[in-house]
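As stored in final.cif (mmCIF, C-alpha atoms and all ligand atoms):
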```
data_protein
#
loop_
_atom_site.label_atom_id
_atom_site.label_comp_id
_atom_site.auth_asym_id
_atom_site.auth_seq_id
_atom_site.Cartn_x
_atom_site.Cartn_y
_atom_site.Cartn_z
CA MET A 55 -1.26 6.83 30.03
CA HIS A 56 -2.30 10.48 29.65
CA GLY A 57 -6.06 10.87 30.28
CA ARG A 58 -6.77 12.72 27.04
CA VAL A 59 -5.12 9.97 25.00
CA ARG A 60 -6.92 7.16 26.83
CA ASP A 61 -10.30 8.85 26.31
CA ASP A 62 -9.78 9.70 22.64
CA PRO A 63 -9.87 6.59 20.40
CA PHE A 64 -8.21 8.49 17.55
CA SER A 65 -5.19 9.45 19.69
CA LEU A 66 -5.14 5.89 21.02
CA LEU A 67 -4.56 4.67 17.45
CA MET A 68 -1.14 6.35 17.51
CA THR A 69 -0.01 4.52 20.65
CA GLY A 70 1.60 1.07 20.86
CA ALA A 71 -1.71 -0.46 21.98
CA GLY A 72 -3.54 1.13 19.05
CA ARG A 73 -1.04 -0.18 16.56
CA ARG A 74 -1.23 -3.68 18.01
CA ASP A 75 -5.03 -3.73 17.75
CA PRO A 76 -6.36 -0.81 15.68
CA TYR A 77 -9.66 -2.66 15.25
CA ALA A 78 -10.56 -2.10 18.92
CA CYS A 79 -9.97 1.66 18.43
CA TYR A 80 -12.08 1.65 15.26
CA ARG A 81 -14.94 -0.01 17.19
CA ARG A 82 -14.85 2.77 19.76
CA LEU A 83 -14.64 5.44 17.07
CA ARG A 84 -17.56 3.89 15.18
CA ALA A 85 -19.67 4.11 18.32
CA GLN A 86 -19.37 7.90 17.90
CA GLY A 87 -20.89 7.68 14.39
CA PRO A 88 -19.36 7.32 10.90
CA LEU A 89 -17.64 10.71 11.29
CA SER A 90 -16.07 11.96 14.49
CA ARG A 91 -13.68 14.68 15.59
CA SER A 92 -10.65 13.88 17.72
CA THR A 93 -9.61 16.05 20.66
CA SER A 94 -6.77 17.33 18.43
CA GLY A 95 -9.32 18.61 15.88
CA VAL A 96 -8.70 15.95 13.20
CA TRP A 97 -11.74 14.40 11.52
CA ALA A 98 -11.88 10.62 11.47
CA VAL A 99 -14.15 8.80 8.99
CA THR A 100 -14.88 5.18 9.91
CA GLY A 101 -18.12 4.26 8.10
CA HIS A 102 -17.65 2.19 4.94
CA ARG A 103 -20.18 4.12 2.86
CA LEU A 104 -19.01 7.52 4.09
CA CYS A 105 -15.33 6.70 3.45
CA GLY A 106 -16.19 5.64 -0.10
CA ARG A 107 -18.13 8.87 -0.63
CA VAL A 108 -15.27 11.06 0.62
CA LEU A 109 -12.75 9.27 -1.62
CA ARG A 110 -14.97 9.80 -4.69
CA ASP A 111 -16.05 13.38 -3.88
CA ARG A 112 -14.21 16.14 -5.77
CA ARG A 113 -14.72 18.49 -2.79
CA PHE A 114 -11.97 16.54 -1.03
CA GLY A 115 -8.44 16.61 -2.39
CA VAL A 116 -5.02 15.30 -1.46
CA ARG A 117 -3.47 18.79 -1.52
CA ASN A 118 -3.81 21.67 0.89
CA GLY A 119 -2.21 24.18 -1.46
CA PRO A 120 -1.80 24.95 -5.18
CA TYR A 121 0.33 22.85 -7.55
CA VAL A 122 2.75 24.44 -10.03
CA ARG A 123 4.33 22.33 -12.77
CA ASP A 124 7.91 23.40 -13.57
CA ASP A 125 9.47 22.10 -16.78
CA SER A 126 12.66 24.14 -16.40
CA GLU A 127 14.07 22.10 -13.51
CA PRO A 128 16.91 19.66 -14.27
CA LEU A 129 16.35 15.90 -14.09
CA ALA A 130 17.83 15.75 -10.59
CA TYR A 131 16.96 15.45 -6.91
CA ARG A 132 15.61 18.61 -5.28
CA PRO A 133 15.84 19.01 -1.48
CA GLY A 134 12.38 18.45 -0.03
CA ALA A 135 11.38 16.07 -2.83
CA GLU A 136 10.77 13.33 -0.25
CA ALA A 137 7.44 14.97 0.66
CA ASP A 138 6.24 14.70 -2.96
CA PHE A 139 4.36 11.44 -3.47
CA SER A 140 3.59 11.95 -7.15
CA LEU A 141 0.04 10.75 -7.92
CA LEU A 142 -0.74 10.65 -4.22
CA SER A 143 0.15 14.36 -3.96
CA LEU A 144 -1.70 15.51 -7.11
CA ASP A 145 -5.32 16.54 -7.66
CA PRO A 146 -7.11 16.85 -11.02
CA PRO A 147 -6.24 17.84 -13.73
CA ASP A 148 -2.48 17.16 -13.21
CA HIS A 149 -3.28 13.90 -11.43
CA GLY A 150 -5.05 12.43 -14.48
CA ARG A 151 -2.26 13.52 -16.85
CA VAL A 152 0.47 11.78 -14.84
CA ARG A 153 -1.68 8.73 -14.02
CA ARG A 154 -2.36 8.08 -17.72
CA LEU A 155 1.40 7.78 -18.31
CA ALA A 156 1.87 5.07 -15.67
CA ALA A 157 -1.40 3.18 -16.29
CA PRO A 158 -0.32 1.02 -19.31
CA ALA A 159 2.13 -0.88 -17.05
CA PHE A 160 -0.84 -2.31 -15.12
CA SER A 161 -3.11 -3.31 -18.05
CA PRO A 162 -4.61 -6.85 -18.24
CA LYS A 163 -2.23 -7.58 -21.15
CA MET A 164 0.77 -6.71 -18.99
CA MET A 165 -0.59 -8.78 -16.08
CA ALA A 166 -0.75 -11.85 -18.35
CA ARG A 167 2.85 -11.16 -19.37
CA TYR A 168 4.09 -10.86 -15.75
CA ARG A 169 2.33 -14.03 -14.50
CA PRO A 170 4.88 -16.73 -15.45
CA GLY A 171 7.77 -14.71 -13.99
CA ILE A 172 5.91 -14.14 -10.69
CA GLU A 173 5.03 -17.85 -10.49
CA ARG A 174 8.67 -18.81 -10.97
CA ILE A 175 10.01 -16.32 -8.38
CA THR A 176 7.37 -17.39 -5.83
CA ARG A 177 8.22 -21.10 -6.25
CA GLU A 178 11.96 -20.43 -5.97
CA LEU A 179 11.65 -18.23 -2.87
CA LEU A 180 9.37 -20.70 -1.06
CA ASP A 181 11.47 -23.76 -1.95
CA ARG A 182 14.73 -22.08 -0.95
CA ALA A 183 13.31 -20.81 2.36
CA ALA A 184 11.72 -24.15 3.29
CA ALA A 185 14.84 -26.18 2.48
CA ARG A 186 16.43 -25.01 5.74
CA GLY A 187 13.45 -25.78 7.99
CA ARG A 188 12.29 -22.93 10.26
CA PHE A 189 12.31 -19.53 8.50
CA ASP A 190 10.95 -15.99 8.72
CA LEU A 191 8.27 -15.71 6.04
CA MET A 192 8.59 -11.90 5.93
CA ALA A 193 12.34 -11.75 5.29
CA LYS A 194 12.58 -14.80 3.06
CA VAL A 195 9.44 -14.58 0.88
CA ALA A 196 6.92 -11.78 1.57
CA ALA A 197 9.43 -8.92 1.15
CA PRO A 198 11.71 -10.19 -1.66
CA LEU A 199 8.81 -11.26 -3.92
CA PRO A 200 7.22 -7.83 -4.59
CA ILE A 201 10.64 -6.16 -4.68
CA ALA A 202 11.78 -8.53 -7.43
CA VAL A 203 8.51 -8.01 -9.34
CA ILE A 204 8.51 -4.19 -9.26
CA SER A 205 12.23 -4.04 -10.13
CA GLU A 206 11.55 -6.19 -13.20
CA LEU A 207 8.46 -4.17 -14.15
CA LEU A 208 10.30 -0.87 -13.98
CA GLY A 209 13.31 -2.31 -15.81
CA ILE A 210 15.99 -1.96 -13.13
CA PRO A 211 19.10 -3.84 -14.33
CA ASP A 212 20.35 -6.65 -12.06
CA GLU A 213 23.64 -4.87 -11.35
CA HIS A 214 21.70 -1.94 -9.79
CA ALA A 215 19.30 -4.15 -7.80
CA GLY A 216 21.35 -3.94 -4.56
CA PRO A 217 21.44 -0.12 -4.25
CA PHE A 218 17.78 0.15 -5.33
CA ARG A 219 16.82 -2.32 -2.61
CA GLU A 220 18.85 -0.49 0.01
CA TYR A 221 17.60 3.04 -0.70
CA GLY A 222 14.09 1.83 -1.57
CA ALA A 223 13.75 0.21 1.86
CA VAL A 224 14.56 3.50 3.63
CA VAL A 225 12.31 5.60 1.40
CA ALA A 226 9.47 3.05 1.62
CA GLY A 227 9.34 3.66 5.38
CA SER A 228 8.29 7.25 4.66
CA LEU A 229 5.01 6.07 3.15
CA ASP A 230 3.84 5.68 6.71
CA GLY A 231 2.53 8.87 8.25
CA VAL A 232 4.70 8.43 11.35
CA PRO A 233 8.29 7.58 10.36
CA SER A 234 10.81 6.92 13.13
CA LEU A 235 13.49 9.48 13.89
CA ARG A 236 16.13 7.24 12.33
CA THR A 237 14.11 6.89 9.11
CA ALA A 238 13.51 10.65 9.06
CA ARG A 239 17.27 11.36 9.21
CA ALA A 240 18.14 8.82 6.53
CA LEU A 241 15.28 9.87 4.25
CA GLY A 242 16.88 12.86 2.47
CA PRO A 243 20.14 11.10 1.48
CA ALA A 244 18.29 7.91 0.46
CA THR A 245 15.79 9.86 -1.67
CA ARG A 246 18.65 11.72 -3.34
CA ALA A 247 20.52 8.46 -4.08
CA LEU A 248 17.39 6.78 -5.42
CA GLU A 249 16.44 9.68 -7.67
CA GLU A 250 20.01 9.95 -9.02
CA LEU A 251 19.86 6.27 -9.97
CA PHE A 252 16.50 6.81 -11.69
CA ALA A 253 17.77 9.93 -13.49
CA ASP A 254 20.75 7.94 -14.88
CA LEU A 255 18.52 5.09 -16.03
CA LEU A 256 16.01 7.49 -17.65
CA ARG A 257 18.84 9.15 -19.61
CA GLN A 258 20.11 5.73 -20.73
CA ARG A 259 16.63 4.59 -21.81
CA ALA A 260 16.04 7.85 -23.72
CA ALA A 261 19.11 6.95 -25.81
CA ARG A 262 18.41 3.17 -26.03
CA PRO A 263 14.73 2.39 -25.33
CA GLY A 264 13.56 -1.07 -24.22
CA GLN A 265 10.13 -2.57 -23.40
CA ASP A 266 10.03 -1.49 -19.75
CA VAL A 267 8.22 1.28 -17.84
CA LEU A 268 11.33 3.46 -17.52
CA SER A 269 11.75 3.49 -21.31
CA ARG A 270 8.17 4.67 -21.79
CA LEU A 271 8.52 7.35 -19.11
CA ALA A 272 11.79 8.54 -20.69
CA ALA A 273 9.86 9.06 -23.95
CA ASP A 274 7.08 10.92 -22.08
CA LEU A 275 9.70 13.21 -20.55
CA GLY A 276 11.27 13.84 -23.96
CA ALA A 277 7.84 14.83 -25.32
CA ALA A 278 7.18 17.13 -22.30
CA ARG A 279 4.11 15.13 -21.23
CA VAL A 280 5.63 15.09 -17.76
CA SER A 281 8.11 17.42 -16.02
CA PRO A 282 11.51 16.19 -14.74
CA ARG A 283 10.35 16.45 -11.11
CA GLU A 284 7.09 14.64 -11.87
CA VAL A 285 8.83 11.71 -13.56
CA LEU A 286 11.35 11.22 -10.73
CA SER A 287 8.61 11.31 -8.07
CA LEU A 288 6.51 8.88 -10.10
CA CYS A 289 9.38 6.37 -10.40
CA ARG A 290 10.08 6.65 -6.68
CA VAL A 291 6.41 6.15 -5.73
CA LEU A 292 6.01 3.15 -8.03
CA LEU A 293 9.07 1.59 -6.45
CA ILE A 294 8.03 2.19 -2.84
CA ALA A 295 4.42 1.17 -3.49
CA GLY A 296 5.83 -2.06 -4.84
CA PHE A 297 8.10 -2.46 -1.80
CA GLU A 298 5.74 -1.61 1.01
CA THR A 299 2.26 -2.95 0.36
CA THR A 300 2.07 -6.43 -1.20
CA VAL A 301 4.59 -7.66 1.39
CA ASN A 302 1.91 -7.06 4.02
CA LEU A 303 -0.90 -8.60 1.98
CA ILE A 304 1.19 -11.80 2.02
CA GLY A 305 2.23 -11.49 5.70
CA ASN A 306 -1.16 -10.45 7.12
CA GLY A 307 -2.85 -13.12 4.99
CA MET A 308 -0.54 -15.95 5.97
CA LEU A 309 -0.90 -15.04 9.65
CA ALA A 310 -4.71 -14.97 9.37
CA LEU A 311 -4.68 -18.39 7.67
CA LEU A 312 -2.34 -19.96 10.23
CA ASP A 313 -4.44 -18.51 13.07
CA HIS A 314 -7.62 -19.95 11.50
CA PRO A 315 -6.70 -23.60 10.77
CA ASP A 316 -10.15 -24.36 9.26
CA GLN A 317 -9.65 -21.62 6.66
CA TRP A 318 -6.07 -22.75 5.94
CA ALA A 319 -7.35 -26.33 5.48
CA MET A 320 -10.05 -25.09 3.10
CA LEU A 321 -7.47 -23.33 0.93
CA ARG A 322 -5.18 -26.38 0.91
CA ALA A 323 -8.10 -28.56 -0.20
CA ASN A 324 -9.00 -26.07 -2.91
CA PRO A 325 -6.10 -23.83 -4.03
CA ASP A 326 -8.43 -22.16 -6.55
CA MET A 327 -9.74 -20.20 -3.53
CA ALA A 328 -6.48 -18.18 -3.50
CA GLY A 329 -8.18 -15.17 -5.12
CA GLN A 330 -10.90 -15.22 -2.44
CA VAL A 331 -8.21 -15.34 0.26
CA VAL A 332 -6.71 -12.15 -1.19
CA GLU A 333 -10.04 -10.30 -1.07
CA GLU A 334 -10.85 -11.47 2.45
CA VAL A 335 -7.41 -10.46 3.80
CA LEU A 336 -7.83 -7.04 2.19
CA ARG A 337 -11.13 -6.64 4.04
CA TYR A 338 -10.06 -8.18 7.34
CA ASP A 339 -6.52 -6.83 7.85
CA PRO A 340 -5.60 -4.42 5.03
CA PRO A 341 -1.97 -3.31 4.49
CA VAL A 342 -3.00 0.36 4.05
CA GLN A 343 -5.09 1.37 7.06
CA ALA A 344 -5.69 5.04 6.37
CA THR A 345 -5.38 7.89 3.92
CA LEU A 346 -5.66 11.64 4.26
CA ARG A 347 -7.88 14.14 2.44
CA TYR A 348 -8.35 17.91 2.78
CA ALA A 349 -11.70 19.65 2.33
CA GLN A 350 -11.27 22.00 -0.62
CA GLU A 351 -14.13 24.28 0.51
CA ASP A 352 -16.47 24.81 3.49
CA LEU A 353 -19.00 21.98 3.36
CA TYR A 354 -21.34 19.68 5.28
CA LEU A 355 -20.61 15.98 5.66
CA ALA A 356 -22.88 13.58 7.57
CA GLY A 357 -24.55 16.63 9.14
CA ARG A 358 -21.27 18.12 10.43
CA ARG A 359 -19.74 21.36 9.22
CA ILE A 360 -16.23 20.92 7.82
CA ALA A 361 -14.10 24.00 7.16
CA ALA A 362 -11.99 24.44 4.02
CA TRP A 363 -8.54 22.80 4.42
CA ASP A 364 -9.63 20.69 7.40
CA PRO A 365 -7.81 17.32 7.24
CA LEU A 366 -9.85 14.09 7.31
CA TYR A 367 -8.44 10.66 8.08
CA VAL A 368 -10.24 8.10 5.96
CA LEU A 369 -9.82 4.98 8.09
CA ILE A 370 -9.77 2.23 5.47
CA GLY A 371 -8.94 -0.37 8.14
CA ALA A 372 -12.20 0.46 9.91
CA THR A 373 -14.36 0.13 6.78
CA GLY A 374 -13.78 -3.62 6.38
CA ARG A 375 -15.20 -4.18 9.87
CA ASP A 376 -18.32 -2.03 9.37
CA PRO A 377 -21.18 -4.28 10.60
CA SER A 378 -23.71 -2.44 8.44
CA VAL A 379 -21.89 -3.71 5.33
CA PHE A 380 -20.27 -7.01 6.36
CA THR A 381 -21.98 -9.64 8.50
CA GLY A 382 -19.85 -10.92 11.37
CA PRO A 383 -17.10 -8.49 10.32
CA ASP A 384 -14.54 -9.70 12.88
CA ARG A 385 -14.69 -13.25 11.47
CA PHE A 386 -12.01 -14.23 8.93
CA ASP A 387 -14.00 -16.18 6.33
CA ILE A 388 -12.56 -16.91 2.88
CA THR A 389 -15.95 -18.08 1.58
CA ARG A 390 -17.40 -14.56 1.73
CA THR A 391 -18.69 -13.39 -1.62
CA ARG A 392 -18.91 -9.68 -0.80
CA GLY A 393 -15.17 -9.33 -0.32
CA ALA A 394 -14.73 -7.35 -3.52
CA ASP A 395 -16.58 -4.41 -1.95
CA HIS A 396 -13.75 -3.59 0.42
CA LEU A 397 -11.94 -0.23 0.21
CA ALA A 398 -8.43 -1.63 0.71
CA PHE A 399 -7.35 -0.17 -2.65
CA GLY A 400 -9.19 3.10 -2.02
CA SER A 401 -11.85 4.43 -4.40
CA GLY A 402 -12.35 7.26 -6.91
CA PRO A 403 -9.55 8.98 -8.84
CA HIS A 404 -6.73 7.67 -6.60
CA TYR A 405 -7.91 4.03 -6.72
CA CYS A 406 -4.75 1.94 -6.43
CA LEU A 407 -3.01 1.80 -9.78
CA GLY A 408 -1.15 -1.34 -8.76
CA ALA A 409 -4.26 -3.26 -7.62
CA PRO A 410 -4.17 -5.77 -10.54
CA LEU A 411 -0.50 -6.48 -9.80
CA ALA A 412 -1.07 -6.81 -6.04
CA ARG A 413 -4.00 -9.18 -6.68
CA LEU A 414 -1.91 -11.23 -9.11
CA GLU A 415 1.04 -11.53 -6.71
CA GLY A 416 -1.27 -12.36 -3.79
CA GLU A 417 -3.23 -14.97 -5.73
CA ILE A 418 -0.03 -16.66 -6.96
CA PHE A 419 1.51 -16.62 -3.47
CA PHE A 420 -1.50 -18.17 -1.68
CA ARG A 421 -1.98 -20.79 -4.40
CA THR A 422 1.72 -21.72 -4.39
CA VAL A 423 2.11 -21.88 -0.61
CA ALA A 424 -1.01 -24.07 -0.32
CA THR A 425 0.25 -26.54 -2.91
CA ARG A 426 3.99 -26.59 -2.14
CA LEU A 427 4.02 -26.13 1.66
CA PRO A 428 0.68 -27.55 2.86
CA GLY A 429 2.14 -28.47 6.27
CA LEU A 430 3.22 -24.88 7.04
CA VAL A 431 2.72 -23.91 10.71
CA ARG A 432 3.74 -21.05 12.99
CA ALA A 433 7.12 -21.50 14.69
CA GLY A 434 7.15 -18.58 17.11
CA GLU A 435 5.41 -15.34 17.94
CA PRO A 436 4.78 -12.96 15.04
CA GLU A 437 5.96 -9.40 15.58
CA HIS A 438 3.99 -6.42 14.27
CA ARG A 439 5.72 -3.36 12.83
CA SER A 440 5.28 -0.13 14.76
CA THR A 441 3.76 1.75 11.84
CA MET A 442 0.23 3.14 11.67
CA THR A 443 -0.72 3.87 8.06
CA VAL A 444 0.91 0.70 6.79
CA ARG A 445 -0.04 -2.37 8.83
CA GLY A 446 2.13 -5.43 8.64
CA LEU A 447 4.51 -7.82 10.31
CA ALA A 448 8.20 -7.38 11.00
CA ARG A 449 8.61 -11.15 11.54
CA LEU A 450 6.51 -14.25 10.98
CA PRO A 451 8.44 -17.36 12.06
CA VAL A 452 7.13 -20.52 10.36
CA ARG A 453 8.27 -24.06 9.57
CA PRO A 454 7.32 -26.31 6.67
CA GLY A 455 5.67 -28.82 9.08
C1 LIG B 1 -1.97 -5.15 -1.37
C2 LIG B 1 -1.24 -4.22 -1.90
C3 LIG B 1 -1.67 -2.80 -2.06
C4 LIG B 1 -2.56 -2.06 -1.33
C5 LIG B 1 -3.36 -2.51 -0.12
C6 LIG B 1 -2.59 -0.74 -1.90
C7 LIG B 1 -3.39 0.29 -1.45
C8 LIG B 1 -3.52 1.52 -2.06
C9 LIG B 1 -4.45 2.54 -1.65
C10 LIG B 1 -5.40 2.46 -0.48
C11 LIG B 1 -4.30 3.58 -2.50
C12 LIG B 1 -5.12 4.88 -2.51
C13 LIG B 1 -4.54 5.91 -1.60
C14 LIG B 1 -5.39 7.15 -1.51
O1 LIG B 1 -6.51 7.20 -2.04
O2 LIG B 1 -4.92 8.11 -0.89
C15 LIG B 1 -3.26 3.22 -3.44
C16 LIG B 1 -2.81 4.04 -4.44
C17 LIG B 1 -1.75 3.71 -5.26
N1 LIG B 1 -1.11 2.49 -5.33
FE1 LIG B 1 -1.48 0.87 -4.22
N2 LIG B 1 -1.72 -0.69 -2.95
C18 LIG B 1 -1.15 -1.93 -3.10
C19 LIG B 1 -0.23 -2.32 -4.05
C20 LIG B 1 0.31 -1.48 -4.98
C21 LIG B 1 1.32 -1.86 -5.93
C22 LIG B 1 1.94 -3.25 -6.06
C23 LIG B 1 1.59 -0.75 -6.67
C24 LIG B 1 2.55 -0.55 -7.80
C25 LIG B 1 3.66 -1.01 -7.94
C26 LIG B 1 0.75 0.32 -6.19
C27 LIG B 1 0.74 1.60 -6.68
C28 LIG B 1 -0.12 2.58 -6.28
C29 LIG B 1 -0.13 3.92 -6.85
C30 LIG B 1 0.81 4.44 -7.93
C31 LIG B 1 -1.16 4.62 -6.20
C32 LIG B 1 -1.57 6.07 -6.45
C33 LIG B 1 -2.74 6.11 -7.39
C34 LIG B 1 -3.26 7.52 -7.58
O3 LIG B 1 -3.07 8.37 -6.72
O4 LIG B 1 -3.84 7.75 -8.65
N3 LIG B 1 -0.02 -0.17 -5.16
N4 LIG B 1 -2.81 1.95 -3.15
#
```

Would you put the structure from the file into structure tokens?
Amino acid sequence: MHGRVRDDPFSLLMTGAGRRDPYACYRRLRAQGPLSRSTSGVWAVTGHRLCGRVLRDRRFGVRNGPYVRDDSEPLAYRPGAEADFSLLSLDPPDHGRVRRLAAPAFSPKMMARYRPGIERITRELLDRAAARGRFDLMAKVAAPLPIAVISELLGIPDEHAGPFREYGAVVAGSLDGVPSLRTARALGPATRALEELFADLLRQRAARPGQDVLSRLAADLGAARVSPREVLSLCRVLLIAGFETTVNLIGNGMLALLDHPDQWAMLRANPDMAGQVVEEVLRYDPPVQATLRYAQEDLYLAGRRIAAWDPLYVLIGATGRDPSVFTGPDRFDITRTRGADHLAFGSGPHYCLGAPLARLEGEIFFRTVATRLPGLVRAGEPEHRSTMTVRGLARLPVRPG
């Protein structure tokens, strides 16, 4: 391995070894203090308190250039749109305007409405997978569950589910900071196809509104509360956030439970602990490991001078293992009561909009698996994906026991 890479924990994160065990890299980075600078000039924030401060501080934004809203564009794909991540690419005040339009879909009232449907899908997926003995938990349950839920929430008709799944899977890969060459090539055409499908559905819902999110967004577009580009990017981001994150909460959590039989036994004995499992997994092995911010002005942070437009990696994955906040941070312990303090959903204005839905899906999954498949065991080696921002499994072979 190149000397510079081996000696720089931040560069090491990008290598195969770093992706297999990012927590070892975070430990080395933390030894340099809560804020360090990599040999490539990128700032890395590892401390829990400092990460929280950066995420809440208006002097850091998600953009490194101005934003111009354009209402004259048609409701259609625009080349280059794949780099636009809607809320995740907007700073105040545009960020708040667009966020308010999507927020009602994630209200407590809506969560109560989604619950029975999520319980039914979870039961069906688990029963069907287990009926054949050994199965891959990722392919058979962890991935299809959130995809079915977000498709229902948005209001994607069953006959379009196939194409949405296909293009959504390609576009979801782009959420990671380091997409593979194959994903990069397929990204433009898949984004175009996905946005054309959304544009068609938005036009249909404008004419015949229903109760779903697309109908509400079609009305917002009609009233010029959102531009055509903004609404297409928002739909795409909601879809890929639904595709790419909860799947790994389920996978990372199930792996942690199976690797810690005492914790798995505790959940089986008391399925009401499912909510605590969710919080502990989010602290211990979070699906989103990092996010990026740009300093909006010259400033000082933790005694270091940061220049305007410098990028900072906020290493969320490191914050859950910060020993100054969590005792015995490398121990997976579902009885922890401080789990809710993790930063797995971020903090500040970009705090995860889908957090209530992710928590609901996770809680239902862990409760259902503990009651319906209490004998579940590993049936082969799990395989991690080669992504860095999003951490999760490609395969988790299990059998019902
Ligand atoms: C366990 C599952 C999930 C995790 C770990 C997660 C994590 C995150 C994190 C860390 C952020 C903040 C990013 C930043 O500050 O740069 C975020 C934002 C966001 N998440 Fe999630 N997420 C999850 C599930 C979901 C789901 C199911 C949805 C919706 C379907 C969703 C929708 C969003 C949206 C729209 C934002 C942008 C919010 C904004 O910028 O205002 N997430 N998520």

Skip range 425-432 of chain A itself and residues of its chain fewer than 3 positions away, then list as a short mmCIF file (atom, residue, chain, number, x, y, z; two decimals) with C-alpha atoms, keeping the file's coordinate frame all residues within 12 Å of it, counting only C-alpha atoms.
```
data_model
loop_
_atom_site.label_atom_id
_atom_site.label_comp_id
_atom_site.auth_asym_id
_atom_site.auth_seq_id
_atom_site.Cartn_x
_atom_site.Cartn_y
_atom_site.Cartn_z
CA THR A 176 7.37 -17.39 -5.83
CA ARG A 177 8.22 -21.10 -6.25
CA GLU A 178 11.96 -20.43 -5.97
CA LEU A 179 11.65 -18.23 -2.87
CA LEU A 180 9.37 -20.70 -1.06
CA ASP A 181 11.47 -23.76 -1.95
CA ARG A 182 14.73 -22.08 -0.95
CA ALA A 183 13.31 -20.81 2.36
CA ALA A 184 11.72 -24.15 3.29
CA ALA A 185 14.84 -26.18 2.48
CA GLY A 187 13.45 -25.78 7.99
CA ARG A 188 12.29 -22.93 10.26
CA PHE A 189 12.31 -19.53 8.50
CA ASP A 190 10.95 -15.99 8.72
CA LEU A 191 8.27 -15.71 6.04
CA MET A 308 -0.54 -15.95 5.97
CA LEU A 309 -0.90 -15.04 9.65
CA ALA A 310 -4.71 -14.97 9.37
CA LEU A 311 -4.68 -18.39 7.67
CA LEU A 312 -2.34 -19.96 10.23
CA ASP A 313 -4.44 -18.51 13.07
CA HIS A 314 -7.62 -19.95 11.50
CA PRO A 315 -6.70 -23.60 10.77
CA TRP A 318 -6.07 -22.75 5.94
CA ALA A 319 -7.35 -26.33 5.48
CA MET A 320 -10.05 -25.09 3.10
CA LEU A 321 -7.47 -23.33 0.93
CA ARG A 322 -5.18 -26.38 0.91
CA ALA A 323 -8.10 -28.56 -0.20
CA ASN A 324 -9.00 -26.07 -2.91
CA PRO A 325 -6.10 -23.83 -4.03
CA ASP A 326 -8.43 -22.16 -6.55
CA MET A 327 -9.74 -20.20 -3.53
CA ALA A 328 -6.48 -18.18 -3.50
CA ILE A 418 -0.03 -16.66 -6.96
CA PHE A 419 1.51 -16.62 -3.47
CA PHE A 420 -1.50 -18.17 -1.68
CA ARG A 421 -1.98 -20.79 -4.40
CA THR A 422 1.72 -21.72 -4.39
CA GLU A 435 5.41 -15.34 17.94
CA PRO A 436 4.78 -12.96 15.04
CA ARG A 449 8.61 -11.15 11.54
CA LEU A 450 6.51 -14.25 10.98
CA PRO A 451 8.44 -17.36 12.06
CA VAL A 452 7.13 -20.52 10.36
CA ARG A 453 8.27 -24.06 9.57
CA PRO A 454 7.32 -26.31 6.67
CA GLY A 455 5.67 -28.82 9.08
#
```

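Proximity ranking of A:Arg167, A:His404, A:Arg279, A:Arg439 relative to Pro146 in chain A places A:His404 first, based on all atoms listed in the file.
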
For the point (-16.7, 2.0, 13.2) in file coordinates, what residues are within 12 Å, counting all atoms listed in the file? Give the answer as JSON, numbers by chain?
{"A": [63, 64, 76, 77, 78, 79, 80, 81, 82, 83, 84, 85, 86, 87, 88, 89, 90, 98, 99, 100, 101, 102, 103, 104, 105, 368, 369, 370, 371, 372, 373, 374, 375, 376, 377, 378, 379, 380, 383, 384]}

Take the selection from the previous step and output its residues with C-alpha atoms, as a CSV table (one decimal), keeping the file's coordinate frame.
```csv
chain,number,residue,atom,x,y,z
A,63,PRO,CA,-9.9,6.6,20.4
A,64,PHE,CA,-8.2,8.5,17.6
A,76,PRO,CA,-6.4,-0.8,15.7
A,77,TYR,CA,-9.7,-2.7,15.2
A,78,ALA,CA,-10.6,-2.1,18.9
A,79,CYS,CA,-10.0,1.7,18.4
A,80,TYR,CA,-12.1,1.6,15.3
A,81,ARG,CA,-14.9,0.0,17.2
A,82,ARG,CA,-14.8,2.8,19.8
A,83,LEU,CA,-14.6,5.4,17.1
A,84,ARG,CA,-17.6,3.9,15.2
A,85,ALA,CA,-19.7,4.1,18.3
A,86,GLN,CA,-19.4,7.9,17.9
A,87,GLY,CA,-20.9,7.7,14.4
A,88,PRO,CA,-19.4,7.3,10.9
A,89,LEU,CA,-17.6,10.7,11.3
A,90,SER,CA,-16.1,12.0,14.5
A,98,ALA,CA,-11.9,10.6,11.5
A,99,VAL,CA,-14.2,8.8,9.0
A,100,THR,CA,-14.9,5.2,9.9
A,101,GLY,CA,-18.1,4.3,8.1
A,102,HIS,CA,-17.6,2.2,4.9
A,103,ARG,CA,-20.2,4.1,2.9
A,104,LEU,CA,-19.0,7.5,4.1
A,105,CYS,CA,-15.3,6.7,3.4
A,368,VAL,CA,-10.2,8.1,6.0
A,369,LEU,CA,-9.8,5.0,8.1
A,370,ILE,CA,-9.8,2.2,5.5
A,371,GLY,CA,-8.9,-0.4,8.1
A,372,ALA,CA,-12.2,0.5,9.9
A,373,THR,CA,-14.4,0.1,6.8
A,374,GLY,CA,-13.8,-3.6,6.4
A,375,ARG,CA,-15.2,-4.2,9.9
A,376,ASP,CA,-18.3,-2.0,9.4
A,377,PRO,CA,-21.2,-4.3,10.6
A,378,SER,CA,-23.7,-2.4,8.4
A,379,VAL,CA,-21.9,-3.7,5.3
A,380,PHE,CA,-20.3,-7.0,6.4
A,383,PRO,CA,-17.1,-8.5,10.3
A,384,ASP,CA,-14.5,-9.7,12.9
```

5 Å per side around ligand LIG 1 (chain B): axis-aligned box centre and edge lengths, as AutoDock Vina command-line options:
```
--center_x -1.4 --center_y 1.6 --center_z -4.4 --size_x 20.2 --size_y 23.5 --size_z 18.5
```
